[in-house]
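A.B. asks: Pasting in a structure now, in structure tokens, and then I'll have a few things to ask.
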Amino acid sequence: MIRELLKERRIYFDGGFGSLLQEKGIKPGEPSENWNITHPEVITAIHREYFEAGADVATTNTFGVNALKYSEDEIDKILYAAFSCARKAADEFDGKLIAYDLGPTGKLIKPMGNLDFEDAVNAFAPCVKAAVKYGADLVIIETMNDSMETKAAVLAVKENSDLPFIVSNAYDERQKLMTGADPEAMTALAESMGAAAVGMNCSFGPDKMIPVLKRMMKAASIPVIVMPNAGLPKIENGRTVYDITPDSFGDIMAEIAELGAAVLGGCCGTTPEHIRKTREKTEKIPYAYPERKNICVVSSYSKAVSFGERHILIGERINPTGKKKIKEALLNHEYTYILQEGLKQEEKGVHILDVNAGLPSIDEKQALTELVYELQSVTSLPLQIDTKDYDAMESAMRIYNGKPLVNSVSGEQDSMDRVFPLVKKYGGAVIALTIDDNGIPETARGRYEVAAKIKKEAEKYGINSNDIIVDPLAMTISSDSESALVTLDAVRMIKEELGLNTSLGVSNISFGLPQRNIVNSTFYAMALNTGLSAAIMNPFSDEMMNVYYAFNALSGKDRACAEYIGYAGEKNEAKVEIKKDSITLSYAIEKGLAEDAAKLAEIMASDMEVMDIVNGHIIPALNHAGKLFEEKTMFLPQLIMTAEAAGKAFDVLRKHMQKDTSDDSKKIVLATVKGDIHDIGKNIVKAMLESYGFYVVDLGKDVEPDVIVEAAQGCRLVGLSALMTTTVPAMEETIKKLRARYSGIKIVVGGAVLTEEYSKEIGADYYGGDAMDTVRAAQEVLGQ
């Protein structure tokens, strides 16, 4: 029903729950979902008030429910009570819907955290089953700050129900998720996996969401959601309040509606009056369903790459064909060399990395899945999953963080029958080879017809034709002197008549010939001029890269020739480059190459003082990574892998240290406060502090104030974390008890609901807006 309604008009969701329950007397740290059972009349009354205010959809009071926290029996009881409360209120009105509210687990998924991807899917699955059982009309996946956890939630919904779902993520002031994804990347992922709508909630007030909304409106072909907080929290007369009034909130939401937002609601601090004013001030604003965007996008965990705007370079080097070292790495499941190969291609300027693990003597499913996982831990580039093994393809697509490019499907019916269901389920764009059951057509028109057949078949699965990228196959001119012309004619025809993007494996054109780079680069230039969208190519070929940068400058795609000038300048500079098979400790740490970092630290410790290695190599590498993170050119996954690599190096060096590094002079106590199970932020801070050599006592999550106070004995700095509005009072209580027990102790706090001003109001000394803020606080308090 939600999809049909969104075709007709704007939809209104309800607003905040936690802040209202605080007013109703919920205790600090008490799980709000328990009130469905213990105080059903309060929950029903809140739903009723939102419906009376104009909400079309009630979200169940289940944000904190998942199988990591509750047993399946407990989940069933909580959801039965939650849906009973919501349904009782909805039945008093006509046409109201109930959305099952699915929130984050509070953990980071591997490799950034310690939660296995399948465990995340399984944490959500019983909740979805219960939601179906008790009559959900749809699922809202909300406040997700990690693209991988978002994907896990989506798969749990798709694999356990037929319910429509919408995806709402929490963006920060950088217009990114905590783990680095930008609005375009999340739009690509959610839309490709079949979301009915995509958007944003929480984090800040409606005015701060407008820049993210504008970006999403340019990218999305599905409705966009905006559910802001009521501004920023502050304390007045001992109570937490938010600084945007319902009337002002409604005014800004009217601007948001004018920009095209289709689903409006509220998050922390909003009340039925905020929703009432939103509906009053937006209901008469004209509404239109978003236009279909004719763009093809693939994405990683942090960035989206669009085909058609600029020519796309796909690095071909991660392929065992003719590459002895890659074969050995795959056979031994030792991927360090392959990771380095990927990073070097990224440094050369490719936009996507092709990943092929096809060897007859290995388990390709295992190898390809491991390789995709490892590569995504060190590079933010989207990947092209390159395999003919359908089981390997599905396994890699399932754990891929983002919207992958899949290589490939063909016009053979069996290929389309196997590949298109995977693209429909997991999302993705796909390379389409112009070969069918009759082989490779000899003419350009014949290849065009195969492409047209593939496009038509994809549409049966609901796959957007923009996500089909046709490879009309470059055949070697050594056996057919006309083959290049046929391929180029097919590129032109497919682009002009079918409106599809194209890609070629350029080097195939010269197979069997000497001095292949000469032929490859000339053919590449011809293909670019014909309108080729992307090329699978060798970025270490100067001839190929020369053509790429020169073509962009000559065709007006390189404004003021800036990229060409930069490229030419690099070629002319006499600069020291990292040898292909030799890297430094600093480089290994910055790139997150943990095994290399450990090996290099061991080698250096044989003839250098430990502290010289720490102060001359490890700390500068960490500081440089921190600077890049603060400048928004490095993102959280990369920062975490940098910290892990530094940690591996420290582990090696500790064996050579004469004194214990776990003394109280560098001791920091960390905890997520009572009632809060979300420890992502705390765990990230822990990793960064330990990488800098601090000794961290991690008390975990949902920690009683008195436990924190006892653990802080002899400690000069304590770090506290809270994600939920309802657990901030527990943080304030903990701070008061720490102050009463220890004079001079310093406290740093962090969490999605906090601001610098709010942190000061509850008694903290420092506000940790991100992990590096906490590192800086530790350096100030404890010294480095």
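Each chain in the structure tokens gets a letter, A, B, ..., in the order shown, and its residues are numbered from 1; ligands are numbered from 1 in order too.
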Using 12 Å as the limit and counting only C-alpha atoms, can you tabulate each residue of range 258-338 of chain A that touches range 232-242 of chain A, with its shortest atom-to-atom distance in Å and the two atoms involved, as a tab-separated table?

C.D. replies:
residue	atom	partner	partner_atom	distance
A:Cys267	CA	A:Tyr242	CA	11.3
A:Cys268	CA	A:Tyr242	CA	8.5
A:Gly269	CA	A:Tyr242	CA	5.8
A:Thr270	CA	A:Tyr242	CA	8.2
A:Thr271	CA	A:Tyr242	CA	10.6
A:His274	CA	A:Tyr242	CA	11.6

A.B. asks: Using the selection just defined, write its residues with N, CA, C and O atoms as an mmCIF file, in the first residue's frame.

C.D. replies:
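So the final result, stored in out-v8.cif, reads:
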data_model
loop_
_atom_site.group_PDB
_atom_site.id
_atom_site.type_symbol
_atom_site.label_atom_id
_atom_site.label_comp_id
_atom_site.auth_asym_id
_atom_site.auth_seq_id
_atom_site.Cartn_x
_atom_site.Cartn_y
_atom_site.Cartn_z
ATOM 1 N N CYS A 267 12.130 12.919 14.397
ATOM 2 C CA CYS A 267 12.953 11.991 15.177
ATOM 3 C C CYS A 267 13.127 12.580 16.576
ATOM 4 O O CYS A 267 12.170 13.122 17.129
ATOM 5 N N CYS A 268 14.313 12.536 17.144
ATOM 6 C CA CYS A 268 14.523 12.914 18.545
ATOM 7 C C CYS A 268 13.988 14.316 18.847
ATOM 8 O O CYS A 268 14.277 15.281 18.127
ATOM 9 N N GLY A 269 13.256 14.410 19.929
ATOM 10 C CA GLY A 269 12.772 15.703 20.391
ATOM 11 C C GLY A 269 11.488 16.183 19.744
ATOM 12 O O GLY A 269 10.881 17.153 20.218
ATOM 13 N N THR A 270 11.063 15.540 18.655
ATOM 14 C CA THR A 270 9.816 15.970 18.014
ATOM 15 C C THR A 270 8.628 15.385 18.767
ATOM 16 O O THR A 270 8.708 14.344 19.418
ATOM 17 N N THR A 271 7.520 16.057 18.660
ATOM 18 C CA THR A 271 6.300 15.721 19.385
ATOM 19 C C THR A 271 5.122 15.707 18.413
ATOM 20 O O THR A 271 5.262 16.106 17.247
ATOM 21 N N HIS A 274 4.852 18.935 16.591
ATOM 22 C CA HIS A 274 5.772 19.120 15.462
ATOM 23 C C HIS A 274 5.180 18.501 14.196
ATOM 24 O O HIS A 274 5.277 19.082 13.106
#

A.B. asks: Determine, counting only C-alpha atoms, which protein, DNA and RNA residues have an atom within 9 Å of an atom of range 682-698 of chain A; residues of the same chain fewer than 6 positions away are not included. Present the result as a PyMOL selection string.

C.D. replies: chain A and resi 107-108+112-113+618-619+622+636+639-640+642-650+661-672+711+719-722+750-751+770-772+774-775+778+782+784

A.B. asks: So which one's closest to Leu383 in chain A, A:Ile362, A:Val355, A:Ala764, A:Leu738? Using only C-alpha atoms, please.

C.D. replies: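 Residue with the minimum atom-to-atom distance to Leu383 in chain A: A:Val355.
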
A.B. asks: How would you write, as a PyMOL selection string, the set of residues in range 101-173 of chain A that DSSP gives as alpha helix (DSSP H)?

C.D. replies: chain A and resi 117-133+147-160

A.B. asks: Those same residues, written as a CSV table (one decimal), in the first residue's frame with N, CA, C and O atoms?

C.D. replies:
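Written output follows (result_9.csv):
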chain,number,residue,atom,x,y,z
A,117,PHE,N,28.8,-10.5,9.3
A,117,PHE,CA,27.7,-10.0,8.5
A,117,PHE,C,26.4,-10.9,8.6
A,117,PHE,O,25.3,-10.4,8.8
A,118,GLU,N,26.6,-12.2,8.6
A,118,GLU,CA,25.5,-13.1,8.7
A,118,GLU,C,24.9,-13.1,10.0
A,118,GLU,O,23.6,-13.3,10.2
A,119,ASP,N,25.7,-12.8,11.1
A,119,ASP,CA,25.1,-12.7,12.4
A,119,ASP,C,24.2,-11.4,12.5
A,119,ASP,O,23.2,-11.4,13.2
A,120,ALA,N,24.6,-10.4,11.7
A,120,ALA,CA,23.7,-9.2,11.7
A,120,ALA,C,22.4,-9.5,11.0
A,120,ALA,O,21.3,-9.1,11.5
A,121,VAL,N,22.5,-10.2,9.9
A,121,VAL,CA,21.2,-10.6,9.2
A,121,VAL,C,20.4,-11.4,10.1
A,121,VAL,O,19.1,-11.2,10.3
A,122,ASN,N,21.0,-12.3,10.8
A,122,ASN,CA,20.2,-13.2,11.7
A,122,ASN,C,19.7,-12.5,13.0
A,122,ASN,O,18.7,-12.9,13.6
A,123,ALA,N,20.3,-11.4,13.3
A,123,ALA,CA,19.9,-10.6,14.5
A,123,ALA,C,18.5,-9.9,14.1
A,123,ALA,O,17.7,-9.7,15.0
A,124,PHE,N,18.4,-9.5,12.8
A,124,PHE,CA,17.1,-8.9,12.4
A,124,PHE,C,16.0,-9.8,12.0
A,124,PHE,O,14.9,-9.5,12.0
A,125,ALA,N,16.4,-11.0,11.5
A,125,ALA,CA,15.5,-11.9,10.9
A,125,ALA,C,14.3,-12.3,11.8
A,125,ALA,O,13.1,-12.2,11.3
A,126,PRO,N,14.5,-12.7,13.0
A,126,PRO,CA,13.3,-13.1,13.9
A,126,PRO,C,12.4,-11.9,14.1
A,126,PRO,O,11.2,-12.1,14.3
A,127,CYS,N,13.0,-10.7,14.1
A,127,CYS,CA,12.1,-9.5,14.3
A,127,CYS,C,11.2,-9.3,13.1
A,127,CYS,O,10.0,-9.0,13.3
A,128,VAL,N,11.8,-9.5,11.9
A,128,VAL,CA,11.0,-9.3,10.7
A,128,VAL,C,9.9,-10.4,10.7
A,128,VAL,O,8.7,-10.1,10.4
A,129,LYS,N,10.2,-11.6,11.0
A,129,LYS,CA,9.2,-12.7,11.1
A,129,LYS,C,8.0,-12.3,12.0
A,129,LYS,O,6.9,-12.5,11.7
A,130,ALA,N,8.4,-11.8,13.2
A,130,ALA,CA,7.4,-11.5,14.2
A,130,ALA,C,6.5,-10.3,13.7
A,130,ALA,O,5.3,-10.2,13.9
A,131,ALA,N,7.2,-9.3,13.0
A,131,ALA,CA,6.5,-8.2,12.4
A,131,ALA,C,5.4,-8.6,11.4
A,131,ALA,O,4.3,-8.1,11.3
A,132,VAL,N,5.8,-9.6,10.6
A,132,VAL,CA,4.8,-10.1,9.6
A,132,VAL,C,3.7,-10.8,10.4
A,132,VAL,O,2.5,-10.6,10.0
A,133,LYS,N,4.0,-11.6,11.4
A,133,LYS,CA,3.0,-12.3,12.1
A,133,LYS,C,2.0,-11.4,12.8
A,133,LYS,O,0.8,-11.7,12.8
A,147,SER,N,26.6,1.4,6.0
A,147,SER,CA,26.0,0.9,4.8
A,147,SER,C,25.9,-0.6,4.9
A,147,SER,O,24.9,-1.2,4.4
A,148,MET,N,26.9,-1.3,5.5
A,148,MET,CA,26.9,-2.7,5.6
A,148,MET,C,25.7,-3.2,6.5
A,148,MET,O,25.1,-4.2,6.2
A,149,GLU,N,25.5,-2.6,7.6
A,149,GLU,CA,24.4,-3.0,8.5
A,149,GLU,C,23.1,-2.7,7.8
A,149,GLU,O,22.1,-3.4,8.0
A,150,THR,N,23.0,-1.6,7.1
A,150,THR,CA,21.8,-1.3,6.3
A,150,THR,C,21.5,-2.5,5.4
A,150,THR,O,20.4,-2.9,5.2
A,151,LYS,N,22.5,-3.0,4.7
A,151,LYS,CA,22.3,-4.1,3.7
A,151,LYS,C,21.9,-5.3,4.5
A,151,LYS,O,21.0,-6.1,4.0
A,152,ALA,N,22.5,-5.6,5.6
A,152,ALA,CA,22.0,-6.7,6.4
A,152,ALA,C,20.6,-6.7,6.8
A,152,ALA,O,19.8,-7.7,6.7
A,153,ALA,N,20.1,-5.5,7.2
A,153,ALA,CA,18.7,-5.3,7.6
A,153,ALA,C,17.8,-5.5,6.3
A,153,ALA,O,16.8,-6.1,6.4
A,154,VAL,N,18.2,-4.9,5.2
A,154,VAL,CA,17.4,-5.1,4.0
A,154,VAL,C,17.3,-6.6,3.6
A,154,VAL,O,16.2,-7.0,3.3
A,155,LEU,N,18.4,-7.3,3.7
A,155,LEU,CA,18.3,-8.7,3.3
A,155,LEU,C,17.5,-9.5,4.3
A,155,LEU,O,16.7,-10.4,3.9
A,156,ALA,N,17.5,-9.1,5.6
A,156,ALA,CA,16.6,-9.8,6.6
A,156,ALA,C,15.2,-9.6,6.2
A,156,ALA,O,14.3,-10.5,6.4
A,157,VAL,N,14.8,-8.4,5.8
A,157,VAL,CA,13.5,-8.1,5.4
A,157,VAL,C,13.1,-8.9,4.1
A,157,VAL,O,12.0,-9.5,4.1
A,158,LYS,N,14.0,-8.9,3.1
A,158,LYS,CA,13.6,-9.5,1.8
A,158,LYS,C,13.6,-11.0,2.0
A,158,LYS,O,12.8,-11.7,1.3
A,159,GLU,N,14.4,-11.6,2.8
A,159,GLU,CA,14.5,-13.0,3.0
A,159,GLU,C,13.4,-13.6,3.9
A,159,GLU,O,13.2,-14.8,4.0
A,160,ASN,N,12.8,-12.8,4.7
A,160,ASN,CA,11.8,-13.2,5.7
A,160,ASN,C,10.4,-12.6,5.5
A,160,ASN,O,9.6,-12.8,6.4

A.B. asks: Tell me, as an mmCIF file with N, CA and C atoms, in the first residue's frame, which residues lie within 8 Å of Ile318 in chain A, counting only C-alpha atoms; anything in the same chain fewer than 3 positions away does not count.

C.D. replies:
data_model
loop_
_atom_site.group_PDB
_atom_site.id
_atom_site.type_symbol
_atom_site.label_atom_id
_atom_site.label_comp_id
_atom_site.auth_asym_id
_atom_site.auth_seq_id
_atom_site.Cartn_x
_atom_site.Cartn_y
_atom_site.Cartn_z
ATOM 1 N N GLY A 315 40.326 -0.929 -13.373
ATOM 2 C CA GLY A 315 41.652 -1.540 -13.294
ATOM 3 C C GLY A 315 41.584 -3.047 -13.431
ATOM 4 N N ILE A 326 49.919 -13.329 -8.279
ATOM 5 C CA ILE A 326 48.502 -13.342 -7.901
ATOM 6 C C ILE A 326 48.009 -14.778 -7.798
ATOM 7 N N ILE A 338 48.030 -8.835 -3.387
ATOM 8 C CA ILE A 338 46.865 -8.412 -4.173
ATOM 9 C C ILE A 338 46.317 -7.090 -3.643
ATOM 10 N N GLU A 341 48.410 -4.420 -4.953
ATOM 11 C CA GLU A 341 48.110 -4.212 -6.373
ATOM 12 C C GLU A 341 46.856 -3.348 -6.531
ATOM 13 N N GLY A 342 45.867 -3.608 -5.691
ATOM 14 C CA GLY A 342 44.659 -2.788 -5.734
ATOM 15 C C GLY A 342 44.920 -1.350 -5.351
ATOM 16 N N LEU A 353 37.802 -1.262 -9.413
ATOM 17 C CA LEU A 353 38.760 -2.361 -9.493
ATOM 18 C C LEU A 353 38.056 -3.638 -9.920
ATOM 19 N N ASP A 354 38.536 -4.251 -10.995
ATOM 20 C CA ASP A 354 38.045 -5.565 -11.375
ATOM 21 C C ASP A 354 38.693 -6.604 -10.462
ATOM 22 N N VAL A 355 37.890 -7.574 -9.989
ATOM 23 C CA VAL A 355 38.385 -8.594 -9.063
ATOM 24 C C VAL A 355 38.034 -9.965 -9.618
ATOM 25 N N ASN A 356 39.059 -10.713 -10.008
ATOM 26 C CA ASN A 356 38.872 -12.033 -10.591
ATOM 27 C C ASN A 356 39.736 -13.017 -9.822
ATOM 28 N N ALA A 357 39.128 -14.115 -9.370
ATOM 29 C CA ALA A 357 39.868 -15.145 -8.617
ATOM 30 C C ALA A 357 39.741 -16.498 -9.304
#

A.B. asks: Within 12 Å of Lys77 in chain A, counting only C-alpha atoms, which residues show up once you throw out same-chain ones fewer than 2 positions away? Write them as a PyMOL selection string, please.

C.D. replies: chain A and resi 33-38+62+65+70-75+79-84+126-127+130-131+133-134

A.B. asks: With only C-alpha atoms as the counted atoms, please give the residues lying no more than 8 Å from Gly205 in chain A, apart from itself and same-chain residues fewer than 3 positions off, as a list in words.

C.D. replies: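 In the requested format, the answer is Cys202, Lys208, Met209, Pro228, Asn229, Ala230, Gly231, Leu232 and Ile244 of chain A.
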
A.B. asks: Could you please take those selected residues and save all heavy atoms as a short mmCIF file (atom, residue, chain, number, x, y, z; two decimals), in the first residue's frame?

C.D. replies:
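Printed below is again-v4.cif as written:
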data_model
loop_
_atom_site.label_atom_id
_atom_site.label_comp_id
_atom_site.auth_asym_id
_atom_site.auth_seq_id
_atom_site.Cartn_x
_atom_site.Cartn_y
_atom_site.Cartn_z
N CYS A 202 17.28 11.66 12.16
CA CYS A 202 18.13 11.86 13.34
C CYS A 202 19.28 12.82 13.05
O CYS A 202 19.21 13.63 12.12
CB CYS A 202 18.63 10.51 13.87
SG CYS A 202 19.04 10.57 15.64
N LYS A 208 19.60 21.56 8.71
CA LYS A 208 20.88 20.93 8.39
C LYS A 208 20.73 19.75 7.43
O LYS A 208 21.73 19.25 6.89
CB LYS A 208 21.56 20.46 9.67
CG LYS A 208 21.84 21.58 10.68
CD LYS A 208 22.93 22.51 10.16
CE LYS A 208 23.16 23.67 11.12
NZ LYS A 208 23.51 23.23 12.48
N MET A 209 19.50 19.29 7.22
CA MET A 209 19.28 18.16 6.31
C MET A 209 19.08 18.60 4.86
O MET A 209 19.13 17.76 3.95
CB MET A 209 18.07 17.35 6.77
CG MET A 209 18.31 16.54 8.02
SD MET A 209 16.98 15.40 8.38
CE MET A 209 17.71 14.40 9.68
N PRO A 228 13.78 14.78 10.62
CA PRO A 228 14.82 15.41 11.44
C PRO A 228 14.52 15.37 12.93
O PRO A 228 13.40 15.12 13.37
CB PRO A 228 14.81 16.87 10.94
CG PRO A 228 13.79 16.93 9.83
CD PRO A 228 12.89 15.76 9.99
N ASN A 229 15.57 15.67 13.71
CA ASN A 229 15.38 15.99 15.11
C ASN A 229 14.76 17.37 15.24
O ASN A 229 14.78 18.17 14.29
CB ASN A 229 16.72 15.98 15.86
CG ASN A 229 17.33 14.60 15.97
OD1 ASN A 229 16.66 13.59 15.74
ND2 ASN A 229 18.60 14.55 16.32
N ALA A 230 14.31 17.69 16.44
CA ALA A 230 13.78 19.04 16.69
C ALA A 230 14.93 19.96 17.08
O ALA A 230 14.91 20.65 18.09
CB ALA A 230 12.73 18.99 17.80
N GLY A 231 15.97 19.95 16.25
CA GLY A 231 17.13 20.79 16.52
C GLY A 231 18.12 20.10 17.42
O GLY A 231 18.29 18.88 17.38
N LEU A 232 18.79 20.88 18.27
CA LEU A 232 19.83 20.38 19.15
C LEU A 232 19.33 20.33 20.59
O LEU A 232 18.56 21.19 21.03
CB LEU A 232 21.06 21.27 19.07
CG LEU A 232 21.72 21.36 17.69
CD1 LEU A 232 22.83 22.40 17.71
CD2 LEU A 232 22.25 20.01 17.26
N ILE A 244 14.21 23.74 18.50
CA ILE A 244 13.36 24.16 17.39
C ILE A 244 11.90 23.91 17.77
O ILE A 244 11.49 22.78 18.04
CB ILE A 244 13.70 23.42 16.08
CG1 ILE A 244 15.12 23.78 15.64
CG2 ILE A 244 12.71 23.77 14.97
CD1 ILE A 244 15.54 23.14 14.32
#

A.B. asks: With only C-alpha atoms as the basis for distance, which of A:Tyr587, A:Ala525, A:Asp558, A:Met1 is at the shortest distance from Glu543 in chain A?

C.D. replies: A:Ala525

A.B. asks: Using only C-alpha atoms, which of the listed residues (A:Asn615, A:Asn407, A:Thr434, A:Ser248) sits closest to Ala392 in chain A?

C.D. replies: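 Checking each candidate against Ala392 in chain A, we get A:Asn407 as the closest.
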
A.B. asks: For Val419 in chain A, find every residue with an atom within 12 Å (counting only C-alpha atoms), except residues of its own chain fewer than 3 positions away, and show them as a PyMOL selection string.

C.D. replies: chain A and resi 387-394+397+406-416+422-432+454+457-458+461+463
